[in-house]
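Chemist: Provided herewith: query_5.tsv, TSV, C-alpha atoms.
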chain	number	residue	atom	x	y	z
A	1	MET	CA	107.49	92.39	130.96
A	2	GLU	CA	106.15	92.82	134.44
A	3	ILE	CA	102.72	94.42	134.45
A	4	LYS	CA	102.09	96.52	137.54
A	5	THR	CA	99.88	99.35	136.26
A	6	PHE	CA	97.35	99.98	133.53
A	7	GLU	CA	100.09	101.92	131.76
A	8	ASP	CA	102.18	98.73	131.72
A	9	LEU	CA	99.20	96.74	130.43
A	10	ILE	CA	98.64	99.11	127.54
A	11	ASP	CA	102.34	99.17	126.70
A	12	TRP	CA	102.43	95.37	126.81
A	13	THR	CA	99.43	95.22	124.46
A	14	ARG	CA	101.08	97.69	122.08
A	15	GLN	CA	104.31	95.67	122.08
A	16	LEU	CA	102.39	92.46	121.53
A	17	HIS	CA	100.65	93.84	118.42
A	18	ALA	CA	103.97	95.22	117.13
A	19	HIS	CA	105.74	91.90	117.68
A	20	LEU	CA	102.93	89.98	116.01
A	21	ALA	CA	103.01	92.37	113.03
A	22	ARG	CA	106.75	91.80	112.55
A	23	CYS	CA	106.46	88.03	112.79
A	24	LEU	CA	103.49	87.83	110.45
A	25	HIS	CA	105.43	89.92	107.93
A	26	GLU	CA	108.42	87.57	108.17
A	27	SER	CA	106.18	84.53	107.79
A	28	ALA	CA	104.46	85.99	104.72
A	29	GLY	CA	107.67	85.85	102.74
A	30	ARG	CA	108.26	82.24	103.72
A	31	ASN	CA	104.79	80.80	103.18
A	32	LYS	CA	104.59	78.92	99.90
A	33	ASP	CA	100.80	79.22	99.63
A	34	GLU	CA	99.93	82.44	97.78
A	35	ARG	CA	96.60	82.92	99.59
A	36	ALA	CA	98.17	82.30	102.99
A	37	SER	CA	101.02	84.68	102.18
A	38	ALA	CA	98.57	87.41	101.14
A	39	LEU	CA	96.62	86.86	104.37
A	40	LEU	CA	99.81	87.13	106.42
A	41	ASP	CA	100.68	90.41	104.68
A	42	TYR	CA	97.23	91.78	105.38
A	43	LEU	CA	97.32	90.65	109.02
A	44	SER	CA	100.75	92.19	109.47
A	45	SER	CA	99.53	95.59	108.32
A	46	HIS	CA	96.41	95.23	110.45
A	47	GLU	CA	98.48	94.49	113.56
A	48	SER	CA	100.69	97.51	112.81
A	49	LEU	CA	97.59	99.70	112.71
A	50	LEU	CA	96.42	98.20	115.99
A	51	GLU	CA	99.80	98.96	117.52
A	52	LYS	CA	99.37	102.62	116.55
A	53	ALA	CA	95.81	102.72	117.87
A	54	VAL	CA	96.88	101.26	121.22
A	55	SER	CA	99.75	103.74	121.30
A	56	GLU	CA	97.20	106.56	121.14
A	57	PHE	CA	95.60	105.18	124.29
A	58	GLU	CA	98.97	105.55	126.00
A	59	LYS	CA	99.10	109.20	124.99
A	60	GLN	CA	95.50	110.19	125.66
A	61	ALA	CA	94.35	108.07	128.59
A	62	ASP	CA	93.53	109.57	131.96
A	63	PRO	CA	96.77	109.74	133.99
A	64	LYS	CA	94.89	108.62	137.09
A	65	ALA	CA	93.83	105.43	135.33
A	66	MET	CA	97.26	104.84	133.81
A	67	LYS	CA	99.01	104.91	137.18
A	68	THR	CA	96.45	102.66	138.86
A	69	ARG	CA	97.98	99.44	140.16
A	70	LEU	CA	96.86	96.24	138.50
A	71	TYR	CA	96.84	93.61	141.21
A	72	ASP	CA	94.88	90.86	139.52
A	73	TYR	CA	96.96	90.54	136.37
A	74	LEU	CA	99.26	87.96	137.89
A	75	ASN	CA	96.28	85.64	138.30
A	76	HIS	CA	95.40	85.91	134.62
A	77	LYS	CA	98.21	85.20	132.17
A	78	PRO	CA	96.42	84.55	128.91
A	79	ILE	CA	99.19	84.96	126.36
A	80	LYS	CA	102.55	83.24	126.31
A	81	ALA	CA	105.34	85.00	124.44
A	82	ASN	CA	105.93	82.05	122.11
A	83	GLN	CA	102.22	81.79	121.43
A	84	ALA	CA	101.88	85.44	120.45
A	85	CYS	CA	104.11	85.25	117.43
A	86	ASP	CA	106.65	83.09	115.73
A	87	ILE	CA	107.42	82.12	112.15
A	88	ARG	CA	105.36	78.94	112.34
A	89	TYR	CA	102.72	80.94	110.45
A	90	ALA	CA	104.88	80.27	107.39
A	91	ASP	CA	103.83	76.62	107.56
A	92	LEU	CA	100.11	77.18	108.15
A	93	ASP	CA	97.37	77.35	105.56
A	94	PHE	CA	94.81	80.15	105.20
A	95	LYS	CA	92.23	78.72	107.60
A	96	ASP	CA	94.77	77.79	110.28
A	97	ILE	CA	96.31	81.27	110.17
A	98	ALA	CA	92.89	82.87	110.56
A	99	ARG	CA	92.03	80.54	113.45
A	100	GLU	CA	95.30	81.34	115.27
A	101	ILE	CA	94.86	85.10	114.86
A	102	PHE	CA	91.29	85.02	116.14
A	103	GLN	CA	92.41	82.95	119.15
A	104	PHE	CA	95.09	85.54	119.86
A	105	HIS	CA	92.61	88.40	119.73
A	106	ASP	CA	90.08	86.46	121.80
A	107	GLN	CA	92.68	86.06	124.55
A	108	VAL	CA	93.40	89.81	124.61
A	109	MET	CA	89.65	90.57	124.73
A	110	ASP	CA	89.12	87.98	127.49
A	111	LEU	CA	91.87	89.61	129.53
A	112	TYR	CA	90.34	93.08	129.18
A	113	ASP	CA	86.88	91.73	129.91
A	114	SER	CA	88.04	90.00	133.09
A	115	LEU	CA	89.86	93.13	134.27
A	116	ILE	CA	86.84	95.39	133.66
A	117	GLY	CA	84.98	93.67	136.48
A	118	LYS	CA	87.94	94.14	138.80
A	119	ALA	CA	88.69	97.80	138.04
A	120	GLU	CA	88.46	99.81	141.23
A	121	ILE	CA	88.17	103.32	139.83
A	122	PRO	CA	85.78	104.52	137.09
A	123	GLU	CA	88.64	105.91	134.99
A	124	ALA	CA	90.36	102.53	134.86
A	125	LYS	CA	87.11	100.76	134.02
A	126	SER	CA	86.40	103.24	131.24
A	127	LEU	CA	89.92	102.79	129.85
A	128	LEU	CA	89.52	99.01	129.78
A	129	GLU	CA	86.09	99.30	128.16
A	130	ASP	CA	87.55	101.53	125.45
A	131	LEU	CA	90.42	99.11	124.84
A	132	LEU	CA	88.00	96.19	124.71
A	133	ALA	CA	85.78	98.07	122.26
A	134	LEU	CA	88.80	98.73	120.04
A	135	GLU	CA	89.83	95.07	120.06
A	136	GLU	CA	86.23	93.91	119.40
A	137	HIS	CA	85.76	96.36	116.55
A	138	GLU	CA	89.05	95.34	114.97
A	139	ALA	CA	88.25	91.64	115.39
A	140	MET	CA	84.92	92.17	113.58
A	141	ARG	CA	86.66	94.11	110.82
A	142	LEU	CA	89.27	91.37	110.57
A	143	ALA	CA	86.58	88.68	110.34
A	144	SER	CA	84.88	90.58	107.53
A	145	GLN	CA	88.10	91.09	105.57
A	146	ILE	CA	89.26	87.51	106.04
A	147	GLY	CA	85.83	86.28	104.95
A	148	ARG	CA	86.11	88.33	101.76
A	149	MET	CA	89.62	87.06	101.12
A	150	ASP	CA	88.46	83.49	101.62
A	151	ASP	CA	85.62	84.01	99.15
A	152	LEU	CA	88.11	84.98	96.45
Would you mind writing the file out in structure tokens?
Modeler:
Amino acid sequence: MEIKTFEDLIDWTRQLHAHLARCLHESAGRNKDERASALLDYLSSHESLLEKAVSEFEKQADPKAMKTRLYDYLNHKPIKANQACDIRYADLDFKDIAREIFQFHDQVMDLYDSLIGKAEIPEAKSLLEDLLALEEHEAMRLASQIGRMDDL
């Protein structure tokens, strides 16, 4: 997907979460470790919820911000398609799955954070800050839930 505007960026993020949710779900059924499989199921549903939350940004964001061109994206390509999701999660254990998911979310947050400083209009900066806050909040919630699962 070629990202030219903030609208494209949000759509790309939504698609990324949706794709990751599908792949995590597929991997859950293939992972032989019960704890890892349960984690994959949880992460899949979490990513589906994130997809819906990002979709709301597409619907409610300021049209001026959404149509703003995004010139610096090409210089910052943090996520490769094959890195975002594949069924290799079926072969990972609980801790490795958690590590991979946090790395994925860190890359999305790093992208938003780098673009905040480059946003040329206040509406675009505000949109990015809201998206970053969503990702940060969800990463903290994820860390808490994974920590509880690991304690069991």
Chemist: Using only C-alpha atoms and a cutoff of 8 Å, can you tell me which residues are near (96.4, 99.3, 131.9) in the file's coordinates, and write them out as an MDAnalysis selection string?
Modeler: chainID A and resid 5:11 65:66 68 70 124 127:128
Chemist: For those residues, write C-alpha atoms to a file as a short mmCIF file (atom, residue, chain, number, x, y, z; two decimals), keeping the file's coordinate frame.
Modeler:
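Now in selection_2.cif:
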data_model
loop_
_atom_site.label_atom_id
_atom_site.label_comp_id
_atom_site.auth_asym_id
_atom_site.auth_seq_id
_atom_site.Cartn_x
_atom_site.Cartn_y
_atom_site.Cartn_z
CA THR A 5 99.88 99.35 136.26
CA PHE A 6 97.35 99.98 133.53
CA GLU A 7 100.09 101.92 131.76
CA ASP A 8 102.18 98.73 131.72
CA LEU A 9 99.20 96.74 130.43
CA ILE A 10 98.64 99.11 127.54
CA ASP A 11 102.34 99.17 126.70
CA ALA A 65 93.83 105.43 135.33
CA MET A 66 97.26 104.84 133.81
CA THR A 68 96.45 102.66 138.86
CA LEU A 70 96.86 96.24 138.50
CA ALA A 124 90.36 102.53 134.86
CA LEU A 127 89.92 102.79 129.85
CA LEU A 128 89.52 99.01 129.78
#
Chemist: What gap, in Å, lies between atom CA of A:Ser114 and atom CA of A:His17?
Modeler: 19.7 Å
Chemist: Nearest to A:Glu138 among A:Glu26, A:Glu51, A:Asp150, A:Asp62, with distances taken over only C-alpha atoms: which residue is it?
Modeler: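 Result for the nearest residue to A:Glu138: A:Glu51.
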Chemist: Select, counting all atoms listed in the file, all protein, DNA and RNA residues no farther than 12 Å from (87.8, 100.2, 121.7) in file coordinates, and express the selection as a PyMOL selection string.
Modeler: chain A and resi 50+53-54+56-57+109+112-113+126-140
Chemist: For the atom pair atom CA of A:Met149 and atom CA of A:His19, what is the interatomic distance in Å to one decimal place?
Modeler: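 One can read the atom CA of A:Met149 to atom CA of A:His19 distance as 23.6 Å.
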Chemist: In Å to one decimal, how far is atom CA of A:Asp41 from atom CA of A:Phe104?
Modeler: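 Going from atom CA of A:Phe104 over to atom CA of A:Asp41 covers 16.9 Å.
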Chemist: Restricting the calculation to all atoms listed in the file: of A:Glu2, A:Glu123, A:Asp151, A:Asp33, which residue gets closest to A:Ala90?
Modeler: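 Using all atoms listed in the file, the shortest distance to A:Ala90 belongs to A:Asp33.
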Chemist: Would you please work out which residue, of A:Leu16, A:Asn31, A:Tyr42, A:Leu49, is nearest to A:Gln145 when using only C-alpha atoms?
Modeler: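 When distances to A:Gln145 are compared using only C-alpha atoms, the smallest one comes from A:Tyr42.
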Chemist: Have a look at A:His46, A:Arg148, A:Lys118, A:Lys67 and name the one nearest to A:Leu20; count only C-alpha atoms.
Modeler: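 Residue with the minimum atom-to-atom distance to A:Leu20: A:His46.
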Chemist: Do a neighbour search on A:Arg30 at 10 Å with all atoms listed in the file, toss out local chain neighbours closer than 5 positions, and write the hits as an MDAnalysis selection string.
Modeler: chainID A and resid 24:25 37 87:91
Chemist: Kindly provide, as JSON, the centre and edge lengths (Å, one decimal) of an axis-aligned box around all atoms of stretch 7-11 of chain A given in the file, with 4 Å on each side.
Modeler:
{"center_x": 100.5, "center_y": 99.3, "center_z": 129.2, "size_x": 11.7, "size_y": 13.2, "size_z": 13.1}
Chemist: Complete the atoms of stretch 51-74 of chain A to N, CA and C atoms and put them out as a PDB file, in the frame of the given file.
Modeler:
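File written: selection16.pdb
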ATOM      1  N   GLU A  51      98.726  98.449 116.665  1.00  0.00           N
ATOM      2  CA  GLU A  51      99.800  98.960 117.520  1.00  0.00           C
ATOM      3  C   GLU A  51      99.705 100.476 117.642  1.00  0.00           C
ATOM      4  N   LYS A  52      99.484 101.151 116.527  1.00  0.00           N
ATOM      5  CA  LYS A  52      99.370 102.620 116.550  1.00  0.00           C
ATOM      6  C   LYS A  52      98.139 103.068 117.319  1.00  0.00           C
ATOM      7  N   ALA A  53      97.033 102.362 117.162  1.00  0.00           N
ATOM      8  CA  ALA A  53      95.810 102.720 117.870  1.00  0.00           C
ATOM      9  C   ALA A  53      95.994 102.564 119.379  1.00  0.00           C
ATOM     10  N   VAL A  54      96.624 101.485 119.796  1.00  0.00           N
ATOM     11  CA  VAL A  54      96.880 101.260 121.220  1.00  0.00           C
ATOM     12  C   VAL A  54      97.850 102.317 121.749  1.00  0.00           C
ATOM     13  N   SER A  55      98.796 102.701 120.924  1.00  0.00           N
ATOM     14  CA  SER A  55      99.750 103.740 121.300  1.00  0.00           C
ATOM     15  C   SER A  55      99.041 105.055 121.606  1.00  0.00           C
ATOM     16  N   GLU A  56      97.979 105.343 120.876  1.00  0.00           N
ATOM     17  CA  GLU A  56      97.200 106.560 121.140  1.00  0.00           C
ATOM     18  C   GLU A  56      96.544 106.502 122.518  1.00  0.00           C
ATOM     19  N   PHE A  57      96.154 105.320 122.943  1.00  0.00           N
ATOM     20  CA  PHE A  57      95.600 105.180 124.290  1.00  0.00           C
ATOM     21  C   PHE A  57      96.651 105.572 125.332  1.00  0.00           C
ATOM     22  N   GLU A  58      97.883 105.191 125.082  1.00  0.00           N
ATOM     23  CA  GLU A  58      98.970 105.550 126.000  1.00  0.00           C
ATOM     24  C   GLU A  58      99.109 107.057 126.118  1.00  0.00           C
ATOM     25  N   LYS A  59      98.924 107.743 125.009  1.00  0.00           N
ATOM     26  CA  LYS A  59      99.100 109.200 124.990  1.00  0.00           C
ATOM     27  C   LYS A  59      97.909 109.949 125.562  1.00  0.00           C
ATOM     28  N   GLN A  60      96.703 109.428 125.348  1.00  0.00           N
ATOM     29  CA  GLN A  60      95.500 110.190 125.660  1.00  0.00           C
ATOM     30  C   GLN A  60      94.738 109.726 126.897  1.00  0.00           C
ATOM     31  N   ALA A  61      95.105 108.613 127.461  1.00  0.00           N
ATOM     32  CA  ALA A  61      94.350 108.070 128.590  1.00  0.00           C
ATOM     33  C   ALA A  61      94.506 108.940 129.839  1.00  0.00           C
ATOM     34  N   ASP A  62      93.534 108.834 130.691  1.00  0.00           N
ATOM     35  CA  ASP A  62      93.530 109.570 131.960  1.00  0.00           C
ATOM     36  C   ASP A  62      94.739 109.129 132.791  1.00  0.00           C
ATOM     37  N   PRO A  63      95.576 110.093 133.206  1.00  0.00           N
ATOM     38  CA  PRO A  63      96.770 109.740 133.990  1.00  0.00           C
ATOM     39  C   PRO A  63      96.448 108.987 135.283  1.00  0.00           C
ATOM     40  N   LYS A  64      95.306 109.308 135.860  1.00  0.00           N
ATOM     41  CA  LYS A  64      94.890 108.620 137.090  1.00  0.00           C
ATOM     42  C   LYS A  64      94.687 107.127 136.811  1.00  0.00           C
ATOM     43  N   ALA A  65      94.066 106.835 135.696  1.00  0.00           N
ATOM     44  CA  ALA A  65      93.830 105.430 135.330  1.00  0.00           C
ATOM     45  C   ALA A  65      95.145 104.744 134.978  1.00  0.00           C
ATOM     46  N   MET A  66      95.998 105.437 134.259  1.00  0.00           N
ATOM     47  CA  MET A  66      97.260 104.840 133.810  1.00  0.00           C
ATOM     48  C   MET A  66      98.163 104.438 134.973  1.00  0.00           C
ATOM     49  N   LYS A  67      98.138 105.187 136.033  1.00  0.00           N
ATOM     50  CA  LYS A  67      99.010 104.910 137.180  1.00  0.00           C
ATOM     51  C   LYS A  67      98.383 103.954 138.192  1.00  0.00           C
ATOM     52  N   THR A  68      97.140 103.570 137.942  1.00  0.00           N
ATOM     53  CA  THR A  68      96.450 102.660 138.860  1.00  0.00           C
ATOM     54  C   THR A  68      97.128 101.295 138.838  1.00  0.00           C
ATOM     55  N   ARG A  69      97.338 100.753 140.037  1.00  0.00           N
ATOM     56  CA  ARG A  69      97.980  99.440 140.160  1.00  0.00           C
ATOM     57  C   ARG A  69      97.029  98.360 139.646  1.00  0.00           C
ATOM     58  N   LEU A  70      97.608  97.342 139.091  1.00  0.00           N
ATOM     59  CA  LEU A  70      96.860  96.240 138.500  1.00  0.00           C
ATOM     60  C   LEU A  70      97.221  94.972 139.261  1.00  0.00           C
ATOM     61  N   TYR A  71      96.480  94.704 140.312  1.00  0.00           N
ATOM     62  CA  TYR A  71      96.840  93.610 141.210  1.00  0.00           C
ATOM     63  C   TYR A  71      96.452  92.237 140.685  1.00  0.00           C
ATOM     64  N   ASP A  72      95.394  92.160 139.915  1.00  0.00           N
ATOM     65  CA  ASP A  72      94.880  90.860 139.520  1.00  0.00           C
ATOM     66  C   ASP A  72      95.501  90.300 138.248  1.00  0.00           C
ATOM     67  N   TYR A  73      96.395  91.034 137.619  1.00  0.00           N
ATOM     68  CA  TYR A  73      96.960  90.540 136.370  1.00  0.00           C
ATOM     69  C   TYR A  73      97.721  89.239 136.576  1.00  0.00           C
ATOM     70  N   LEU A  74      98.447  89.142 137.665  1.00  0.00           N
ATOM     71  CA  LEU A  74      99.260  87.960 137.890  1.00  0.00           C
ATOM     72  C   LEU A  74      98.439  86.684 137.944  1.00  0.00           C
TER      73      LEU A  74
END
